[in-house]
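Data file: entry-v4.cif. Format and content: mmCIF, C-alpha atoms (C1' of nucleotides).
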```cif
data_model
loop_
_atom_site.label_atom_id
_atom_site.label_comp_id
_atom_site.auth_asym_id
_atom_site.auth_seq_id
_atom_site.Cartn_x
_atom_site.Cartn_y
_atom_site.Cartn_z
CA MET A 1 114.73 93.68 76.14
CA ALA A 2 112.06 96.33 76.06
CA GLU A 3 111.53 97.38 79.63
CA LYS A 4 108.17 99.01 80.14
CA LYS A 5 107.89 102.44 81.70
CA LEU A 6 104.96 101.51 83.94
CA SER A 7 103.67 104.90 84.97
CA LEU A 8 101.91 104.13 88.20
CA HIS A 9 100.43 106.80 90.39
CA LEU A 10 100.22 106.12 94.08
CA ASP A 11 97.85 107.74 96.49
CA PHE A 12 99.53 107.79 99.86
CA HIS A 13 96.35 108.82 101.66
CA SER A 14 93.94 106.39 100.06
CA GLY A 15 93.99 103.89 102.87
CA LEU A 16 95.15 101.17 100.53
CA PRO A 17 98.66 99.91 101.29
CA ILE A 18 101.29 100.88 98.74
CA TYR A 19 101.99 97.28 97.80
CA THR A 20 98.28 96.72 97.15
CA GLN A 21 98.10 99.74 94.91
CA ILE A 22 101.07 98.48 92.92
CA VAL A 23 99.46 95.07 92.55
CA ASN A 24 96.16 96.55 91.43
CA GLN A 25 97.65 98.91 88.92
CA ILE A 26 99.84 96.30 87.32
CA GLN A 27 96.77 94.10 87.02
CA ASN A 28 94.90 96.98 85.45
CA GLN A 29 97.60 97.65 82.91
CA LEU A 30 97.65 94.00 82.09
CA ALA A 31 93.88 93.99 81.75
CA ASN A 32 93.79 96.89 79.34
CA GLY A 33 96.72 95.82 77.23
CA THR A 34 99.27 98.35 78.42
CA LEU A 35 101.27 95.39 79.58
CA MET A 36 101.59 92.26 77.47
CA PRO A 37 102.78 88.72 78.20
CA GLY A 38 106.54 88.60 77.99
CA ASP A 39 107.06 92.23 78.90
CA GLN A 40 109.78 92.91 81.37
CA LEU A 41 108.79 94.94 84.37
CA PRO A 42 111.13 97.47 85.97
CA THR A 43 113.48 96.03 88.55
CA VAL A 44 112.32 96.28 92.11
CA ARG A 45 114.91 98.97 92.74
CA ALA A 46 114.12 101.00 89.62
CA LEU A 47 110.39 101.04 90.25
CA ALA A 48 110.95 101.79 93.91
CA GLN A 49 113.08 104.80 93.05
CA GLU A 50 110.50 106.07 90.59
CA LEU A 51 107.72 105.72 93.14
CA ARG A 52 109.88 106.97 96.03
CA VAL A 53 109.23 103.92 98.15
CA ASN A 54 111.47 101.23 99.57
CA PHE A 55 112.33 98.50 97.11
CA ASN A 56 111.03 95.87 99.49
CA THR A 57 107.59 97.35 99.09
CA VAL A 58 107.81 96.76 95.36
CA ALA A 59 109.27 93.32 95.99
CA ARG A 60 106.25 92.52 98.12
CA ALA A 61 103.90 93.52 95.32
CA TYR A 62 105.90 91.47 92.84
CA ARG A 63 105.82 88.47 95.15
CA ILE A 64 102.04 88.65 95.38
CA LEU A 65 101.72 88.82 91.60
CA ASP A 66 104.24 86.03 91.27
CA GLU A 67 102.26 83.78 93.59
CA ALA A 68 99.19 84.52 91.48
CA ARG A 69 101.19 83.34 88.45
CA ILE A 70 100.66 86.69 86.79
CA ILE A 71 104.33 87.56 86.65
CA SER A 72 107.51 85.56 86.95
CA THR A 73 110.30 86.96 89.07
CA GLN A 74 113.73 85.47 88.60
CA GLN A 75 116.57 86.25 90.92
CA GLY A 76 119.44 87.83 89.08
CA ARG A 77 117.46 88.19 85.86
CA GLY A 78 114.44 90.35 86.35
CA THR A 79 110.68 90.23 86.36
CA TYR A 80 108.46 89.38 83.44
CA ILE A 81 104.79 89.10 82.66
CA THR A 82 103.94 85.42 82.41
CA GLU A 83 104.10 84.21 78.81
CA ILE A 84 101.24 81.79 78.94
CA LEU A 85 98.57 84.07 80.24
CA LEU A 86 95.50 82.30 78.99
CA PRO A 87 92.97 84.52 77.29
CA TYR A 88 90.30 83.77 79.80
CA VAL A 89 92.65 84.77 82.60
CA ALA A 90 93.28 88.08 80.90
CA GLU A 91 89.57 88.55 80.42
CA LYS A 92 88.97 87.66 84.03
CA LEU A 93 91.58 90.17 85.16
CA ARG A 94 90.01 92.84 83.03
CA ASP A 95 86.59 92.14 84.42
CA GLU A 96 87.84 92.07 87.98
CA SER A 97 89.59 95.38 87.64
CA LEU A 98 86.45 97.14 86.46
CA ALA A 99 84.40 95.37 89.11
CA ALA A 100 86.75 96.48 91.86
CA LEU A 101 86.86 100.04 90.61
CA THR A 102 83.10 100.19 90.32
CA LYS A 103 82.50 98.69 93.72
CA ARG A 104 84.68 101.31 95.37
CA TYR A 105 82.78 104.04 93.57
CA VAL A 106 79.28 102.74 94.25
CA ASP A 107 80.00 101.96 97.90
CA GLU A 108 81.40 105.41 98.44
CA ALA A 109 78.48 107.10 96.72
CA ILE A 110 75.97 105.13 98.75
CA ARG A 111 77.87 105.83 101.93
CA LEU A 112 77.60 109.52 101.16
CA GLY A 113 73.86 109.05 101.13
CA PHE A 114 73.08 109.22 97.43
CA SER A 115 70.21 107.22 96.05
CA GLU A 116 70.44 104.53 93.43
CA ARG A 117 68.59 106.83 91.10
CA GLU A 118 70.93 109.77 91.62
CA ILE A 119 73.97 107.58 91.10
CA SER A 120 72.88 105.99 87.86
CA GLN A 121 71.75 109.34 86.50
CA MET A 122 75.11 110.90 87.31
CA VAL A 123 76.96 108.02 85.67
CA ARG A 124 74.86 108.41 82.54
CA ASP A 125 75.61 112.13 82.42
CA ASN A 126 79.31 111.57 82.84
CA LEU A 127 79.47 108.86 80.21
CA LYS A 128 77.66 111.15 77.82
CA SER A 129 80.08 114.00 78.47
CA ALA A 130 83.05 111.71 78.11
CA LYS A 131 81.76 110.41 74.82
CA GLU A 132 81.18 113.90 73.45
CA ALA A 133 84.63 114.98 74.52
CA LYS A 134 86.11 112.02 72.69
CA ASP A 135 84.07 112.51 69.50
CA LYS A 136 84.97 116.14 69.25
CA MET B 25 105.58 114.48 103.95
CA ALA B 26 104.09 117.63 105.34
CA GLU B 27 103.07 116.76 108.85
CA LYS B 28 101.03 119.47 110.52
CA LYS B 29 102.13 120.90 113.83
CA LEU B 30 98.61 120.90 115.29
CA SER B 31 98.99 123.29 118.21
CA LEU B 32 96.27 122.11 120.51
CA HIS B 33 95.66 123.57 123.91
CA LEU B 34 94.30 121.25 126.53
CA ASP B 35 92.61 122.32 129.69
CA PHE B 36 93.05 119.58 132.23
CA HIS B 37 90.61 121.18 134.64
CA SER B 38 87.80 121.97 132.30
CA GLY B 39 85.85 118.84 133.04
CA LEU B 40 85.85 117.96 129.37
CA PRO B 41 87.65 114.68 128.71
CA ILE B 42 91.00 115.04 127.00
CA TYR B 43 89.92 112.96 124.02
CA THR B 44 86.87 115.16 123.58
CA GLN B 45 89.01 118.27 123.59
CA ILE B 46 91.27 116.75 120.97
CA VAL B 47 88.31 115.79 118.80
CA ASN B 48 86.77 119.24 119.08
CA GLN B 49 89.93 121.12 118.34
CA ILE B 50 90.77 119.05 115.30
CA GLN B 51 87.24 119.62 114.02
CA ASN B 52 87.67 123.33 114.63
CA GLN B 53 90.96 123.49 112.77
CA LEU B 54 89.31 121.64 109.93
CA ALA B 55 86.40 124.06 109.95
CA ASN B 56 88.57 127.16 109.83
CA GLY B 57 90.95 125.82 107.22
CA THR B 58 93.97 125.24 109.44
CA LEU B 59 93.68 121.61 108.47
CA MET B 60 92.93 120.56 104.92
CA PRO B 61 91.87 117.26 103.35
CA GLY B 62 94.91 115.11 102.73
CA ASP B 63 96.93 116.58 105.56
CA GLN B 64 98.78 114.10 107.68
CA LEU B 65 98.15 114.37 111.39
CA PRO B 66 100.87 113.68 113.96
CA THR B 67 101.22 110.06 114.98
CA VAL B 68 99.35 109.07 118.09
CA ARG B 69 102.63 108.84 119.94
CA ALA B 70 103.99 112.16 118.70
CA LEU B 71 100.86 114.08 119.55
CA ALA B 72 100.61 112.30 122.89
CA GLN B 73 104.13 113.32 123.77
CA GLU B 74 103.50 116.91 122.76
CA LEU B 75 100.33 117.03 124.85
CA ARG B 76 101.85 115.02 127.71
CA VAL B 77 99.10 112.45 127.66
CA ASN B 78 99.02 108.73 127.00
CA PHE B 79 99.02 107.82 123.34
CA ASN B 80 95.90 105.76 123.83
CA THR B 81 94.03 108.93 124.65
CA VAL B 82 95.05 110.38 121.33
CA ALA B 83 94.20 107.07 119.68
CA ARG B 84 90.74 107.29 121.17
CA ALA B 85 90.22 110.75 119.74
CA TYR B 86 91.49 109.57 116.37
CA ARG B 87 89.17 106.59 116.47
CA ILE B 88 86.16 108.81 117.06
CA LEU B 89 87.15 111.06 114.16
CA ASP B 90 87.79 108.00 112.03
CA GLU B 91 84.36 106.57 112.73
CA ALA B 92 82.91 109.94 111.77
CA ARG B 93 84.86 109.62 108.49
CA ILE B 94 86.67 112.85 109.22
CA ILE B 95 90.09 111.27 109.27
CA SER B 96 91.52 108.02 108.02
CA THR B 97 93.84 106.12 110.32
CA GLN B 98 95.98 103.43 108.77
CA GLN B 99 97.91 101.00 110.87
CA GLY B 100 101.58 101.13 110.06
CA ARG B 101 101.26 104.26 107.95
CA GLY B 102 99.70 107.16 109.78
CA THR B 103 96.61 109.31 110.03
CA TYR B 104 95.24 111.64 107.40
CA ILE B 105 92.38 114.04 106.95
CA THR B 106 89.85 112.34 104.71
CA GLU B 107 89.94 113.50 101.12
CA ILE B 108 86.23 113.49 100.56
CA LEU B 109 84.21 113.88 103.70
CA LEU B 110 80.72 114.89 103.03
CA PRO B 111 77.79 113.59 104.92
CA TYR B 112 78.14 116.95 106.62
CA VAL B 113 78.22 119.37 103.73
CA ALA B 114 75.36 121.50 102.59
CA GLU B 115 72.89 120.14 100.11
CA LYS B 116 74.31 122.31 97.36
CA LEU B 117 77.78 120.89 97.84
CA ARG B 118 76.29 117.44 97.97
CA ASP B 119 75.54 117.34 94.26
CA GLU B 120 78.96 118.65 93.43
CA SER B 121 80.51 115.89 95.46
CA LEU B 122 78.65 113.17 93.60
CA ALA B 123 79.53 114.79 90.32
CA ALA B 124 83.20 114.93 91.23
CA LEU B 125 83.22 111.40 92.55
CA THR B 126 81.49 110.11 89.45
CA LYS B 127 83.76 111.99 87.09
CA ARG B 128 86.82 110.51 88.73
CA TYR B 129 85.33 107.05 88.43
CA VAL B 130 84.17 107.36 84.83
CA ASP B 131 87.41 108.97 83.68
CA GLU B 132 89.44 106.26 85.31
CA ALA B 133 87.33 103.48 83.85
CA ILE B 134 87.60 104.96 80.38
CA ARG B 135 91.32 105.46 80.81
CA LEU B 136 91.57 101.76 81.62
CA GLY B 137 89.97 101.03 78.29
CA PHE B 138 86.48 100.00 79.24
CA SER B 139 83.55 100.78 77.01
CA GLU B 140 80.56 102.89 77.86
CA ARG B 141 78.44 99.77 77.73
CA GLU B 142 80.68 97.80 80.07
CA ILE B 143 80.80 100.65 82.57
CA SER B 144 77.07 101.23 82.78
CA GLN B 145 76.44 97.51 83.03
CA MET B 146 78.92 97.19 85.87
CA VAL B 147 77.38 100.13 87.70
CA ARG B 148 73.95 98.55 87.37
CA ASP B 149 75.26 95.27 88.75
CA ASN B 150 76.89 96.96 91.69
CA LEU B 151 73.88 99.05 92.55
CA LYS B 152 71.79 95.90 92.50
CA SER B 153 74.19 94.06 94.78
CA ALA B 154 74.40 96.99 97.14
CA LYS B 155 70.64 97.20 97.34
CA GLU B 156 70.29 93.50 98.04
CA ALA B 157 72.95 93.66 100.72
CA LYS B 158 71.08 96.47 102.39
CA ASP B 159 67.66 94.80 102.20
CA LYS B 160 68.91 91.58 103.64
"C1'" DA C 20 81.38 101.77 149.29
"C1'" DT C 21 80.08 101.13 144.48
"C1'" DA C 22 79.73 102.13 139.71
"C1'" DC C 23 81.25 104.19 135.83
"C1'" DA C 24 83.96 106.98 132.81
"C1'" DA C 25 88.58 108.51 131.64
"C1'" DT C 26 93.19 107.55 131.29
"C1'" DG C 27 97.33 104.73 131.35
"C1'" DA C 28 100.22 100.37 130.62
"C1'" DT C 29 101.32 96.60 127.98
"C1'" DA C 30 101.31 93.49 124.34
"C1'" DC C 31 100.13 92.98 119.52
"C1'" DA C 32 99.54 93.55 114.35
"C1'" DA C 33 100.31 95.87 109.83
"C1'" DT C 34 103.20 98.46 106.86
"C1'" DT C 35 107.43 100.00 105.34
"C1'" DA C 36 112.47 100.39 105.59
"C1'" DG C 37 117.41 98.58 106.32
"C1'" DT C 38 120.97 95.21 105.67
"C1'" DA C 39 123.13 91.25 104.18
"C1'" DC C 40 122.98 87.56 100.88
"C1'" DA C 41 122.39 84.49 96.68
"C1'" DA C 42 121.65 83.80 91.68
"C1'" DT C 43 122.48 85.31 87.17
"C1'" DT C 44 124.73 87.81 83.69
"C1'" DA C 45 128.35 90.28 81.57
"C1'" DA C 46 132.91 91.96 81.36
"C1'" DA C 47 137.94 91.40 81.96
"C1'" DG C 48 142.26 88.85 81.97
"C1'" DG C 49 144.91 85.16 80.76
"C1'" DC D 17 138.00 79.90 74.96
"C1'" DC D 18 137.99 79.54 79.96
"C1'" DT D 19 138.23 81.48 84.46
"C1'" DT D 20 137.67 85.20 87.46
"C1'" DT D 21 135.51 89.27 88.95
"C1'" DA D 22 132.21 92.79 89.12
"C1'" DA D 23 127.55 94.38 88.43
"C1'" DT D 24 122.73 93.62 88.53
"C1'" DT D 25 118.77 91.49 90.28
"C1'" DG D 26 115.63 89.26 93.44
"C1'" DT D 27 115.38 87.09 98.46
"C1'" DA D 28 115.46 86.64 103.38
"C1'" DC D 29 115.63 88.31 107.66
"C1'" DT D 30 115.40 91.98 110.80
"C1'" DA D 31 114.25 96.53 112.55
"C1'" DA D 32 111.51 100.69 112.92
"C1'" DT D 33 107.23 103.07 112.78
"C1'" DT D 34 102.49 103.23 113.24
"C1'" DG D 35 97.82 102.10 114.83
"C1'" DT D 36 94.86 98.41 117.69
"C1'" DA D 37 93.12 95.66 121.47
"C1'" DT D 38 92.77 94.48 126.10
"C1'" DC D 39 93.03 95.11 130.69
"C1'" DA D 40 94.48 97.83 134.89
"C1'" DT D 41 94.33 102.10 137.39
"C1'" DT D 42 92.46 106.43 138.79
"C1'" DG D 43 89.13 109.74 139.87
"C1'" DT D 44 84.49 111.20 140.63
"C1'" DA D 45 79.63 110.96 141.34
"C1'" DT D 46 76.01 108.63 143.65
#
```
Could you show the structure in this file as structure tokens?
Amino acid sequence: MAEKKLSLHLDFHSGLPIYTQIVNQIQNQLANGTLMPGDQLPTVRALAQELRVNFNTVARAYRILDEARIISTQQGRGTYITEILLPYVAEKLRDESLAALTKRYVDEAIRLGFSEREISQMVRDNLKSAKEAKDK
Amino acid sequence: MAEKKLSLHLDFHSGLPIYTQIVNQIQNQLANGTLMPGDQLPTVRALAQELRVNFNTVARAYRILDEARIISTQQGRGTYITEILLPYVAEKLRDESLAALTKRYVDEAIRLGFSEREISQMVRDNLKSAKEAKDK
DNA sequence: ATACAATGATACAATTAGTACAATTAAAGG
DNA sequence: CCTTTAATTGTACTAATTGTATCATTGTAT
């Protein structure tokens, strides 16, 4: 069975617990199609070794996703993305992941004292640059 | 993980509270580059032992620095110098910080597969929510 | 003496790691 | 084939590490 590579990047100083970061990133990859229903995830031990964390930390993330019915963990067999991931669930996940990302950004920018105007202008500029870089 | 040594020198007869001395000296080391963003500080217990004070005194100093957003203390994980700490920086650096923050956000959102339209819409929504939360 | 600030003691909570175990699968032996 | 055995995988429970919260003690100024 095709076992996905799952390149996750952890930030050990971000304030977010490791297991939360794993949960979020798997949700993101599911939201943007990097992961598909039926895909097998790395084993808890394999992913733990790759991320240099204890395998129980990965197991905790998997358990959270399992309880949310996003993945299915099966003792002795492995861990898989749930087959029947209804389209609206996928869409919801996708929306939530952008919403969460954006909220972190906006809150941080506001906390740093930037105005609504400054923020939206800077976002516009960056989107424009990103688009030009892509078109080139 | 690189855990800084943090040679602090306390003066128990100076009249300045211990926790204040700890706060000041960490700020100094940050100002002169001895400490850098991302660095892990000693645990409250480790630093307390080194300084021969109660760990709650160190915790108090850390809490003050945390509230000032200079460090980030995380229960169960440790204490780190904040990656982006900038209510304090000069106005010139202020723009650069928003630009950097925004670039990270936009790049990440694009990497996750969201469209320019979705991103700007989500930013608008979040700015609106943030404003309403503030006005309330 | 009283009030208050600083420090210490103790118990707690969150995160991650360690160890032993159970379920499943696959391989080996007959 | 069928049974046994080993390997792989997730689970459960416990321990270790770290910061937090609350209250007691100490010292000093008034």
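On all C-alpha atoms, the superposed RMSD for chain A relative to chain B stands at 15.7 Å.
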The PyMOL selection byres ((chain B) within 9 of (chain A)) applied to the shown file, residues as number ranges by chain: B: 62-64, 96-98, 101-107, 109-111, 118, 122-123, 125-127, 129-134, 136-138, 140, 142-144, 146-148, 150-152, 154-155
Given all atoms listed in the file, how would the per-residue table for chain D near chain B read, listing every residue at most 12 Å away with its closest atom pair and distance in Å to one decimal, sorted by chain and number, as JSON lines?
```
{"residue": "D:DA32", "atom": "C1'", "partner": "B:Gly100", "partner_atom": "CA", "distance": 10.3}
{"residue": "D:DT33", "atom": "C1'", "partner": "B:Gly100", "partner_atom": "CA", "distance": 6.6}
{"residue": "D:DT34", "atom": "C1'", "partner": "B:Gly100", "partner_atom": "CA", "distance": 3.9}
{"residue": "D:DG35", "atom": "C1'", "partner": "B:Gln99", "partner_atom": "CA", "distance": 4.1}
{"residue": "D:DT36", "atom": "C1'", "partner": "B:Gln99", "partner_atom": "CA", "distance": 7.9}
{"residue": "D:DA37", "atom": "C1'", "partner": "B:Asn80", "partner_atom": "CA", "distance": 10.7}
{"residue": "D:DT38", "atom": "C1'", "partner": "B:Asn80", "partner_atom": "CA", "distance": 11.9}
{"residue": "D:DG43", "atom": "C1'", "partner": "B:Gly39", "partner_atom": "CA", "distance": 11.8}
{"residue": "D:DT44", "atom": "C1'", "partner": "B:Gly39", "partner_atom": "CA", "distance": 10.9}
```
Explicit residue set for the PyMOL selection byres ((chain C) within 8 of (chain B)), as number ranges by chain: C: 25-27, 33-35
Shell of 7 Å around range 45-48 of chain B, all atoms listed in the file, local chain residues under 6 positions omitted, as an NGL selection string: :B and (34 or 85 or 89)
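Interatomic distance, CA of Glu132 in chain A against CA of Glu91 in chain A: 27.6 Å.
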Nearest residue to DG26 in chain D from the set C:DC40, C:DA46, C:DA20, C:DC31 (distances using only C-alpha atoms (C1' of nucleotides)): C:DC40
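Take C1' of DA22 in chain D and C1' of DT43 in chain C: the distance between them is 12.4 Å.
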Target residues per the PyMOL selection byres ((chain C and resi 28) around 9), formatted as a ChimeraX atom specification: /C:27,29 /D:39-40
Computed interatomic separation between CA of Ile95 in chain B and CA of Ser31 in chain B (Å): 17.4 Å
Would you compute the box with edges along x, y and z of the file around range 37-41 of chain D, including every atom the file lists for it and 8 Å extra on each side, and give its centre and edge lengths in Å to one decimal, as lines of an AutoDock Vina configuration file?
```
center_x = 93.6
center_y = 98.3
center_z = 129.4
size_x = 17.7
size_y = 23.6
size_z = 31.9
```
Test item: residues at most 10 Å from Lys29 in chain B, only C-alpha atoms (C1' of nucleotides), excluding those fewer than 6 positions along its chain, as a list in words: Gln64, Leu65, Pro66, Leu71 and Glu74 of chain B
